[in-house]
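Colleague: protein_18.tsv is the file, holding TSV, C-alpha atoms and all ligand atoms:
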chain	number	residue	atom	x	y	z
O	1	LEU	CA	0.00	0.00	0.00
O	2	GLN	CA	1.46	3.31	-1.09
O	3	GLN	CA	0.11	6.46	0.40
O	4	GLN	CA	0.73	10.01	-0.50
O	5	LYS	CA	-0.77	13.19	0.88
O	6	GLU	CA	-1.19	16.33	-1.18
O	7	GLU	CA	-3.29	18.77	0.84
O	8	ASP	CA	-6.50	16.78	1.24
O	9	ARG	CA	-5.81	14.38	-1.58
O	10	TYR	CA	-5.02	10.79	-0.66
O	11	ASP	CA	-3.96	8.09	-3.15
O	12	SER	CA	-3.35	4.39	-2.84
O	13	MET	CA	-2.41	1.62	-5.21
O	14	THR	CA	-3.00	-1.98	-4.22
O	15	LEU	CA	-3.34	-5.41	-5.83
O	16	ALA	CA	-6.55	-7.33	-5.22
O	17	MET	CA	-9.24	-9.20	-7.17
O	18	ASP	CA	-6.59	-10.12	-9.72
O	19	THR	CA	-6.04	-6.53	-10.76
O	20	VAL	CA	-4.47	-3.19	-9.87
O	21	ILE	CA	-6.68	-0.93	-7.78
O	22	ASN	CA	-6.06	2.81	-7.69
O	23	THR	CA	-8.01	4.95	-5.27
O	24	THR	CA	-8.01	8.72	-4.93
O	25	ILE	CA	-9.98	10.39	-2.15
O	26	TYR	CA	-10.28	14.13	-1.60
O	27	ASP	CA	-11.18	14.33	2.06
O	28	GLU	CA	-9.35	15.18	5.25
O	29	ARG	CA	-10.12	11.65	6.58
O	30	GLY	CA	-8.54	10.19	3.43
O	31	GLU	CA	-5.96	8.02	5.15
O	32	GLU	CA	-8.53	6.22	7.27
O	33	LEU	CA	-10.97	5.92	4.35
O	34	LEU	CA	-8.33	4.42	2.04
O	35	LEU	CA	-7.77	1.71	4.62
O	36	GLU	CA	-11.51	1.02	4.87
O	37	VAL	CA	-11.76	0.76	1.09
O	38	GLU	CA	-8.89	-1.68	0.95
O	39	GLN	CA	-10.33	-3.85	3.72
O	40	GLU	CA	-13.71	-3.90	2.05
O	41	ILE	CA	-12.24	-5.04	-1.28
O	42	GLN	CA	-10.25	-7.75	0.47
O	43	ARG	CA	-13.38	-8.92	2.26
O	44	LEU	CA	-15.23	-9.21	-1.07
O	45	GLU	CA	-12.32	-11.01	-2.70
O	46	GLY	CA	-12.50	-13.47	0.20
O	47	LEU	CA	-16.13	-14.20	-0.70
O	48	PHE	CA	-15.95	-14.30	-4.49
O	49	SER	CA	-12.48	-15.60	-5.44
O	50	VAL	CA	-12.37	-18.71	-7.66
O	51	THR	CA	-8.80	-19.43	-6.66
O	52	LYS	CA	-8.92	-19.02	-2.85
O	53	ALA	CA	-10.09	-22.37	-1.49
O	54	ASP	CA	-12.12	-20.99	1.42
O	55	SER	CA	-14.18	-18.44	-0.56
O	56	ASP	CA	-17.95	-18.85	-0.83
O	57	ILE	CA	-17.60	-19.47	-4.57
O	58	SER	CA	-14.85	-22.10	-4.16
O	59	LYS	CA	-17.02	-23.94	-1.62
O	60	LEU	CA	-20.03	-23.83	-3.94
O	61	ASN	CA	-17.89	-25.16	-6.80
O	62	ALA	CA	-16.30	-27.91	-4.68
O	63	ASN	CA	-19.76	-29.08	-3.61
O	64	ALA	CA	-21.09	-29.28	-7.19
O	65	GLY	CA	-23.11	-32.46	-7.70
O	66	LYS	CA	-22.64	-33.35	-4.03
O	67	GLU	CA	-24.37	-31.02	-1.63
O	68	GLU	CA	-25.84	-27.58	-1.08
O	69	THR	CA	-23.62	-24.74	0.13
O	70	ALA	CA	-24.61	-22.13	2.70
O	71	LEU	CA	-23.42	-18.74	1.45
O	72	SER	CA	-23.17	-15.26	2.86
O	73	GLU	CA	-26.18	-13.11	2.09
O	74	GLU	CA	-24.02	-10.99	-0.21
O	75	THR	CA	-22.73	-13.87	-2.32
O	76	TYR	CA	-26.23	-15.29	-2.58
O	77	ALA	CA	-27.61	-11.93	-3.73
O	78	LEU	CA	-24.84	-11.48	-6.32
O	79	LEU	CA	-25.51	-14.98	-7.70
O	80	LYS	CA	-29.19	-14.10	-8.01
O	81	THR	CA	-28.39	-10.83	-9.80
O	82	SER	CA	-26.04	-12.75	-12.11
O	83	LYS	CA	-28.78	-15.21	-13.01
O	84	GLU	CA	-31.17	-12.36	-13.76
O	85	ILE	CA	-28.65	-10.66	-16.05
O	86	SER	CA	-27.99	-13.98	-17.72
O	87	THR	CA	-31.68	-14.27	-18.55
O	88	GLU	CA	-31.94	-10.62	-19.69
O	89	THR	CA	-28.95	-10.97	-22.01
O	90	GLY	CA	-30.14	-14.22	-23.56
O	91	GLY	CA	-27.19	-16.07	-22.02
O	92	SER	CA	-24.39	-13.85	-23.41
O	93	PHE	CA	-23.49	-13.33	-19.76
O	94	ASP	CA	-23.28	-16.67	-17.97
O	95	ILE	CA	-21.38	-17.21	-14.71
O	96	THR	CA	-21.49	-21.02	-15.18
O	97	ILE	CA	-19.00	-20.55	-18.07
O	98	SER	CA	-16.21	-21.31	-15.55
O	99	PRO	CA	-15.31	-24.84	-16.79
O	100	VAL	CA	-14.64	-23.38	-20.24
O	101	VAL	CA	-12.65	-20.41	-18.88
O	102	LYS	CA	-10.55	-22.90	-16.89
O	103	LEU	CA	-10.07	-25.15	-19.91
O	104	TRP	CA	-8.57	-22.28	-21.92
O	105	GLY	CA	-6.25	-21.69	-18.96
O	106	PHE	CA	-7.49	-18.24	-17.97
O	107	THR	CA	-8.18	-19.19	-14.36
O	108	GLU	CA	-4.68	-20.45	-13.51
O	109	GLU	CA	-2.82	-18.54	-16.26
O	110	GLU	CA	-1.80	-21.79	-17.99
O	111	HIS	CA	-3.03	-20.94	-21.44
O	112	HIS	CA	-3.63	-23.46	-24.21
O	113	VAL	CA	-5.98	-23.95	-27.17
O	114	PRO	CA	-8.23	-26.88	-26.30
O	115	SER	CA	-9.47	-29.52	-28.75
O	116	GLN	CA	-13.10	-29.48	-29.90
O	117	THR	CA	-13.74	-32.61	-27.79
O	118	GLU	CA	-12.45	-30.85	-24.68
O	119	ILE	CA	-14.59	-27.81	-25.47
O	120	ASP	CA	-17.69	-29.99	-25.96
O	121	GLN	CA	-17.06	-31.72	-22.62
O	122	ALA	CA	-16.63	-28.42	-20.77
O	123	MET	CA	-19.62	-26.84	-22.53
O	124	ALA	CA	-21.82	-29.74	-21.32
O	125	LEU	CA	-21.21	-28.39	-17.80
O	126	VAL	CA	-22.34	-24.83	-18.64
O	127	ASP	CA	-25.96	-24.26	-17.72
O	128	GLU	CA	-27.14	-21.49	-15.45
O	129	ASP	CA	-30.51	-23.27	-14.99
O	130	GLN	CA	-28.55	-25.90	-13.05
O	131	LEU	CA	-27.40	-23.32	-10.54
O	132	LEU	CA	-30.20	-23.64	-8.01
O	133	MET	CA	-30.92	-20.83	-5.58
O	134	GLU	CA	-32.54	-22.33	-2.49
O	135	GLU	CA	-33.87	-21.11	0.87
O	136	ASN	CA	-31.67	-19.52	3.54
O	137	ASN	CA	-28.91	-18.21	1.26
O	138	THR	CA	-28.13	-21.71	0.07
O	139	ALA	CA	-27.17	-22.61	-3.49
O	140	TYR	CA	-26.43	-25.81	-5.38
O	141	LEU	CA	-24.74	-26.70	-8.66
O	142	GLU	CA	-26.49	-29.80	-9.92
O	143	GLU	CA	-23.62	-31.59	-11.67
O	144	GLU	CA	-20.13	-32.49	-10.53
O	145	GLY	CA	-17.61	-30.43	-12.50
O	146	MET	CA	-19.95	-27.47	-12.84
O	147	ALA	CA	-18.52	-24.21	-11.50
O	148	VAL	CA	-19.31	-20.54	-11.13
O	149	ASP	CA	-16.93	-17.66	-11.92
O	150	LEU	CA	-17.88	-14.10	-10.95
O	151	GLY	CA	-14.92	-12.56	-12.81
O	152	ALA	CA	-17.18	-10.56	-15.12
O	153	ILE	CA	-19.27	-8.97	-12.36
O	154	ALA	CA	-17.38	-9.04	-9.02
O	155	LYS	CA	-15.24	-5.95	-9.67
O	156	GLY	CA	-18.32	-3.98	-10.67
O	157	TYR	CA	-20.07	-5.11	-7.51
O	158	ALA	CA	-17.01	-4.15	-5.45
O	159	SER	CA	-17.04	-0.70	-7.04
O	160	ASP	CA	-20.70	-0.30	-6.01
O	161	VAL	CA	-19.93	-1.33	-2.43
O	162	VAL	CA	-16.93	0.99	-2.15
O	163	ALA	CA	-18.80	3.93	-3.72
O	164	ASP	CA	-21.68	3.40	-1.25
O	165	LEU	CA	-19.24	3.26	1.65
O	166	LEU	CA	-17.57	6.54	0.67
O	167	ARG	CA	-20.86	8.31	-0.03
O	168	GLN	CA	-22.17	7.22	3.36
O	169	GLU	CA	-19.05	8.69	4.93
O	170	GLY	CA	-19.95	11.97	3.27
O	171	VAL	CA	-17.12	11.93	0.70
O	172	GLU	CA	-17.94	14.28	-2.16
O	173	SER	CA	-14.97	13.67	-4.37
O	174	ALA	CA	-13.24	10.33	-5.09
O	175	LEU	CA	-12.20	7.99	-7.88
O	176	ILE	CA	-11.66	4.24	-7.69
O	177	SER	CA	-10.29	2.24	-10.56
O	178	LEU	CA	-10.44	-1.55	-10.34
O	179	GLY	CA	-8.64	-2.63	-13.50
O	180	GLY	CA	-10.89	-1.35	-16.26
O	181	ASN	CA	-13.68	-0.51	-13.84
O	182	LEU	CA	-13.96	3.12	-12.81
O	183	ALA	CA	-16.19	4.45	-10.04
O	184	CYS	CA	-16.58	8.26	-10.00
O	185	ILE	CA	-17.90	9.72	-6.78
O	186	GLY	CA	-19.24	13.25	-6.89
O	187	THR	CA	-17.13	15.67	-8.90
O	188	LYS	CA	-13.57	16.96	-8.81
O	189	PRO	CA	-12.94	18.97	-5.61
O	190	ASP	CA	-13.46	22.23	-7.53
O	191	GLY	CA	-16.90	21.04	-8.64
O	192	SER	CA	-15.91	20.37	-12.27
O	193	LEU	CA	-16.53	17.03	-14.00
O	194	TRP	CA	-14.17	14.06	-13.82
O	195	GLU	CA	-12.33	13.30	-17.04
O	196	ALA	CA	-11.82	9.65	-17.95
O	197	ALA	CA	-9.96	8.45	-21.02
O	198	LEU	CA	-11.37	5.72	-23.24
O	199	ALA	CA	-8.43	3.45	-24.07
O	200	ASN	CA	-7.50	2.73	-27.66
O	201	PRO	CA	-7.90	-1.07	-27.73
O	202	LEU	CA	-5.09	-1.33	-30.30
O	203	ASP	CA	-2.64	0.62	-28.12
O	204	GLU	CA	-3.33	0.97	-24.43
O	205	THR	CA	-0.86	3.83	-24.03
O	206	ASP	CA	-3.15	5.83	-26.31
O	207	TYR	CA	-6.80	6.85	-25.96
O	208	VAL	CA	-9.61	7.50	-28.42
O	209	GLY	CA	-11.49	10.15	-26.47
O	210	LEU	CA	-12.57	11.51	-23.12
O	211	PHE	CA	-15.63	11.11	-20.95
O	212	GLN	CA	-16.65	14.03	-18.75
O	213	VAL	CA	-18.84	12.72	-15.97
O	214	SER	CA	-19.88	12.88	-12.33
O	215	ASP	CA	-21.29	10.22	-10.00
O	216	CYS	CA	-21.27	7.15	-12.23
O	217	PHE	CA	-19.53	3.92	-13.16
O	218	LEU	CA	-17.57	3.53	-16.39
O	219	ILE	CA	-16.68	-0.09	-17.07
O	220	THR	CA	-14.83	-1.48	-20.07
O	221	SER	CA	-14.46	-5.04	-21.38
O	222	GLY	CA	-12.22	-5.85	-24.29
O	223	GLY	CA	-10.36	-8.63	-26.00
O	224	TYR	CA	-7.13	-6.67	-25.59
O	225	GLN	CA	-7.02	-6.85	-21.79
O	226	ARG	CA	-6.27	-10.47	-21.06
O	227	TYR	CA	-5.21	-12.83	-23.83
O	228	PHE	CA	-2.53	-15.21	-25.12
O	229	GLU	CA	-1.20	-15.96	-28.57
O	230	GLN	CA	-0.68	-19.34	-30.19
O	231	ASP	CA	0.37	-19.93	-33.81
O	232	GLY	CA	-0.04	-16.25	-34.58
O	233	LYS	CA	-3.64	-16.14	-33.38
O	234	ARG	CA	-4.87	-14.19	-30.38
O	235	TYR	CA	-7.21	-15.81	-27.84
O	236	HIS	CA	-8.81	-13.54	-25.23
O	237	HIS	CA	-10.68	-14.25	-21.99
O	238	ILE	CA	-14.26	-13.33	-22.86
O	239	ILE	CA	-15.97	-16.55	-23.88
O	240	ASP	CA	-19.04	-16.80	-26.09
O	241	PRO	CA	-21.31	-19.18	-24.15
O	242	ASP	CA	-22.82	-20.33	-27.47
O	243	THR	CA	-19.52	-21.66	-28.85
O	244	GLY	CA	-17.07	-22.11	-25.98
O	245	TYR	CA	-14.51	-20.03	-27.92
O	246	PRO	CA	-13.34	-16.47	-27.22
O	247	ALA	CA	-16.10	-14.23	-28.56
O	248	GLU	CA	-15.46	-13.04	-32.11
O	249	SER	CA	-18.18	-10.48	-32.40
O	250	GLY	CA	-16.42	-7.79	-34.42
O	251	LEU	CA	-15.91	-5.62	-31.32
O	252	LEU	CA	-12.63	-4.53	-29.76
O	253	SER	CA	-14.16	-3.08	-26.62
O	254	VAL	CA	-17.40	-2.14	-24.92
O	255	THR	CA	-17.64	0.57	-22.28
O	256	ILE	CA	-20.77	0.84	-20.17
O	257	LEU	CA	-21.79	4.02	-18.38
O	258	SER	CA	-24.30	3.48	-15.58
O	259	GLU	CA	-25.32	4.38	-12.06
O	260	ASP	CA	-25.18	0.66	-11.26
O	261	GLY	CA	-21.60	-0.67	-11.18
O	262	THR	CA	-22.61	-4.32	-10.87
O	263	LYS	CA	-24.79	-4.14	-13.93
O	264	ALA	CA	-22.24	-2.08	-15.86
O	265	ASP	CA	-19.60	-4.78	-15.36
O	266	ALA	CA	-21.88	-7.66	-16.36
O	267	LEU	CA	-23.20	-5.77	-19.37
O	268	SER	CA	-19.74	-4.76	-20.61
O	269	THR	CA	-18.99	-8.46	-20.92
O	270	ALA	CA	-22.41	-9.42	-22.31
O	271	LEU	CA	-22.50	-6.71	-24.98
O	272	PHE	CA	-18.96	-7.60	-26.04
O	273	VAL	CA	-20.22	-11.16	-26.68
O	274	MET	CA	-23.36	-9.92	-28.48
O	275	GLY	CA	-21.60	-7.81	-31.08
O	276	LEU	CA	-22.67	-4.39	-32.33
O	277	ASP	CA	-26.15	-5.04	-33.72
O	278	ARG	CA	-27.44	-7.16	-30.87
O	279	ALA	CA	-25.79	-4.82	-28.35
O	280	LEU	CA	-27.56	-1.76	-29.79
O	281	ASP	CA	-30.89	-3.64	-29.84
O	282	PHE	CA	-30.35	-4.54	-26.21
O	283	TRP	CA	-29.60	-0.89	-25.38
O	284	ARG	CA	-32.78	0.27	-27.18
O	285	ASN	CA	-34.81	-2.01	-24.91
O	286	SER	CA	-33.08	-0.82	-21.71
O	287	ASP	CA	-33.13	2.45	-19.81
O	288	ASP	CA	-30.44	2.04	-17.20
O	289	PHE	CA	-27.16	2.34	-19.10
O	290	GLU	CA	-25.33	3.96	-22.01
O	291	ALA	CA	-22.46	2.49	-24.03
O	292	VAL	CA	-19.51	3.20	-26.28
O	293	LEU	CA	-18.54	0.35	-28.60
O	294	ILE	CA	-15.35	0.14	-30.66
O	295	THR	CA	-15.45	-2.13	-33.69
O	296	GLU	CA	-12.66	-4.10	-35.35
O	297	ASP	CA	-13.10	-1.98	-38.46
O	298	GLY	CA	-12.23	1.16	-36.52
O	299	ARG	CA	-15.56	2.72	-35.69
O	300	VAL	CA	-16.48	4.21	-32.31
O	301	ILE	CA	-20.22	4.03	-31.72
O	302	ALA	CA	-21.76	5.88	-28.78
O	303	THR	CA	-25.37	5.58	-27.65
O	304	GLU	CA	-27.24	8.86	-27.28
O	305	GLY	CA	-26.58	9.38	-23.57
O	306	ALA	CA	-22.92	8.37	-23.92
O	307	ALA	CA	-22.37	10.71	-26.88
O	308	ALA	CA	-23.54	13.58	-24.67
O	309	VAL	CA	-20.62	13.07	-22.27
O	310	PHE	CA	-17.96	11.76	-24.66
O	311	SER	CA	-15.70	13.67	-27.02
O	312	PHE	CA	-12.64	13.10	-29.17
O	313	GLU	CA	-11.04	16.25	-27.68
O	314	GLY	CA	-9.12	16.87	-30.87
O	315	ARG	CA	-7.53	13.42	-30.78
O	316	ASP	CA	-6.35	12.40	-34.21
O	317	ASN	CA	-6.76	8.67	-34.64
O	318	ASP	CA	-8.15	6.00	-36.93
O	319	PHE	CA	-11.47	5.83	-35.20
O	320	THR	CA	-14.51	7.56	-36.63
O	321	TYR	CA	-17.57	8.64	-34.74
F	1	LIG	P1	-12.24	-8.07	-16.86
F	1	LIG	O1	-12.18	-9.17	-15.88
F	1	LIG	O2	-11.00	-7.88	-17.63
F	1	LIG	O3	-12.79	-6.83	-16.29
F	1	LIG	P2	-14.78	-8.89	-17.86
F	1	LIG	O4	-15.51	-8.09	-16.88
F	1	LIG	O5	-15.30	-8.87	-19.26
F	1	LIG	O6	-13.27	-8.50	-17.98
F	1	LIG	O7	-14.79	-10.37	-17.31
F	1	LIG	C1	-14.12	-11.41	-17.97
F	1	LIG	C2	-14.03	-12.59	-17.03
F	1	LIG	O8	-15.33	-13.11	-16.79
F	1	LIG	C3	-13.23	-13.76	-17.60
F	1	LIG	O9	-11.91	-13.72	-17.14
F	1	LIG	C4	-13.98	-14.97	-17.07
F	1	LIG	O10	-13.55	-15.27	-15.76
F	1	LIG	C5	-15.39	-14.51	-17.01
F	1	LIG	N1	-16.16	-14.70	-18.27
F	1	LIG	C6	-15.69	-14.94	-19.53
F	1	LIG	N2	-16.70	-14.99	-20.43
F	1	LIG	C7	-17.84	-14.79	-19.72
F	1	LIG	C8	-19.23	-14.74	-20.08
F	1	LIG	N3	-19.65	-14.89	-21.34
F	1	LIG	N4	-20.13	-14.51	-19.08
F	1	LIG	C9	-19.72	-14.35	-17.79
F	1	LIG	N5	-18.44	-14.41	-17.41
F	1	LIG	C10	-17.51	-14.61	-18.34
F	2	MG	MG	-17.58	-7.45	-17.01
F	3	MG	MG	-14.77	-6.55	-15.68
What is this file in structure tokens?
Ligand code: ADP
Ligand code: MG
Ligand code: MG
Modeller:
Amino acid sequence: LQQQKEEDRYDSMTLAMDTVINTTIYDERGEELLLEVEQEIQRLEGLFSVTKADSDISKLNANAGKEETALSEETYALLKTSKEISTETGGSFDITISPVVKLWGFTEEEHHVPSQTEIDQAMALVDEDQLLMEENNTAYLEEEGMAVDLGAIAKGYASDVVADLLRQEGVESALISLGGNLACIGTKPDGSLWEAALANPLDETDYVGLFQVSDCFLITSGGYQRYFEQDGKRYHHIIDPDTGYPAESGLLSVTILSEDGTKADALSTALFVMGLDRALDFWRNSDDFEAVLITEDGRVIATEGAAAVFSFEGRDNDFTY
């Protein structure tokens, strides 16, 4: 944990939930609040991790096909939300995709391209209808080998929890970045809007434009964030639950803007799987988020509400708007 004080500005950088977390708080109690934020994120990682053996999710997975697992209220609620989003997105978002994610080596960072037979076997274990939500915060995976992975929603949920915590403490100005997941609390200390860059998916040191926002979550999913290469081909970590292969939907990234961080995270993944046309249809039928989508052929498409807070700021790049 690094800490630095600049008047009433407090920053920290820490590693948790498999990513780098940067927090900036403008408040005289910053030091104390940074510690609270860090503890909260660690607590959530302890519930949701797929690699820590004593997490709620690891217990649920280990008991698959054997017995029910009693979960914390929070894990149970997040599983329920995940199932709802799975239904809403027609299965593009599916937390039971875990056996396939593991097969490709993204869980343990031991990457390899599986055979079709291996993919078929793992895909037979993907079925969110077989994740049963029972009484008293208990859940059950019906078949041995089934498993749940909250990697596409847990960081968004954590950003919601942390934003709530800071707001309840009366903080009026803070930013938390969990990997590609940004929570903006209030405004800059001088009352002006936060500025957040939208990364160029072809070159992460570059950006394609700027958001100017207050009080919201900005969450990006892309094939450029976590991937490996084999025989000159790139394989990324967002799996299409229809095929068992990394989604090839013609998109390079999807950024969701919403007041709901949990939903923004899940939808960034789901819309990436859907591809541009289905994603825009989905947006037309929703009223709780906006999106910016970057296509493989170099277009940047912003929904109405996103366009209102996004600009190229004179950036000269290959993307059109
Ligand atoms: P990041 O973790 O980089 O923020 P995402 O939010 O898109 O990216 O989540 C990707 C992670 O979610 C993968 O590493 C995997 O664990 C899991 N995952 C992959 N494909 C899906 C999917 N179709 N639905 C739900 N979870 C998925
Ligand atoms: Mg996501
Ligand atoms: Mg994410």
Colleague: May I ask which of the residues O:Val148, O:Ala279, O:Leu210, O:Ile95 is the closest one to ligand MG 2 (chain F), counting only C-alpha atoms and all ligand atoms?
Modeller: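 Closest residue, counting only C-alpha atoms and all ligand atoms: O:Ile95.
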Colleague: For ligand MG 3 (chain F), which residue among O:Val37, O:Ala158, O:Met274, O:Val126 is the nearest when counting all atoms listed in the file?
Modeller: O:Ala158
Colleague: Around ligand LIG 1 (chain F), which protein and nucleic acid residues have at least one atom no more than 9 Å from it, if we count only C-alpha atoms and all ligand atoms? List them as JSON, numbers by chain.
Modeller: {"O": [18, 19, 50, 82, 86, 91, 92, 93, 94, 95, 96, 97, 98, 100, 101, 102, 106, 107, 148, 149, 150, 151, 152, 153, 154, 155, 156, 178, 179, 180, 181, 219, 220, 221, 222, 223, 224, 225, 226, 236, 237, 238, 239, 240, 241, 242, 244, 246, 247, 265, 266, 267, 268, 269, 270, 272, 273]}
Colleague: Pick from O:Glu118, O:Glu169, O:Asp160, O:Glu110: nearest to O:Leu33, with all atoms listed in the file counted?
Modeller: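 Of the candidates, the smallest distance to O:Leu33 is held by O:Glu169.
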Colleague: What residues have an atom no more than 6 Å from (-28.4, -30.6, -9.6) in the file's own frame, counting only C-alpha atoms, and can you write them as a list in words?
Modeller: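 Returned residue set, sorted by chain then number, is Gly65, Gln130, Leu141, Glu142 and Glu143 of chain O.
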Colleague: Counting only C-alpha atoms and all ligand atoms, which of O:Lys263, O:Arg234, O:Arg278, O:Arg299 gets nearest to ligand MG 2 (chain F)?
Modeller: O:Lys263
Colleague: Mind giving me the straight-line distance from atom CA of O:Val309 to atom CA of O:Thr14 in Å, one decimal?
Modeller: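 Going from atom CA of O:Val309 over to atom CA of O:Thr14, I get 29.4 Å.
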Colleague: Please determine, counting all atoms listed in the file, which residue among O:Val113, O:Val292, O:Leu182, O:Ala307 has the shortest atom-to-atom distance to ligand MG 3 (chain F).
Modeller: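 Selected residue with least distance to ligand MG 3 (chain F): O:Leu182.
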Colleague: Identify which of the residues O:Tyr235, O:Met133, O:Glu229, O:Gly298 lies closest to O:Gly250, counting all atoms listed in the file when measuring atom-to-atom distances.
Modeller: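 Of O:Tyr235, O:Met133, O:Glu229, O:Gly298, the one nearest O:Gly250, counting all atoms listed in the file, is O:Gly298.
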Colleague: Mind pulling up the distance from atom CA of O:Leu218 to atom CA of O:Ile41?
Modeller: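 Atom CA of O:Leu218 lies 18.2 Å from atom CA of O:Ile41.
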Colleague: For a test of reading the model, state the distance in Å between atom CA of O:Lys233 and atom MG of ligand MG 2 (chain F), rounded to one decimal.
Modeller: 23.2 Å
Colleague: Can you list, as a list in words, every protein, DNA or RNA residue that comes within 8 Å of O:Leu47 when you count only C-alpha atoms, leaving out same-chain residues fewer than 6 positions away?
Modeller: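 Using only C-alpha atoms, the neighbours found are Ser55, Asp56, Ile57, Ser72 and Thr75 of chain O.
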Colleague: Any chance you could tabulate, as a Markdown table, the residues of stretch 222-299 of chain O at most 12 Å from stretch 211-214 of chain O with each one's nearest atom pair and distance in Å to one decimal, using all atoms listed in the file, in chain and rising number order?
Modeller:
| residue | atom | partner | partner_atom | distance |
| --- | --- | --- | --- | --- |
| O:Thr255 | CA | O:Phe211 | CA | 10.8 |
| O:Ile256 | CA | O:Phe211 | CA | 11.5 |
| O:Leu257 | CA | O:Val213 | CA | 9.5 |
| O:Ser258 | CA | O:Val213 | CA | 10.7 |
| O:Glu259 | CA | O:Ser214 | CA | 10.1 |
| O:Ala291 | CA | O:Phe211 | CA | 11.4 |
| O:Val292 | CA | O:Phe211 | CA | 10.3 |
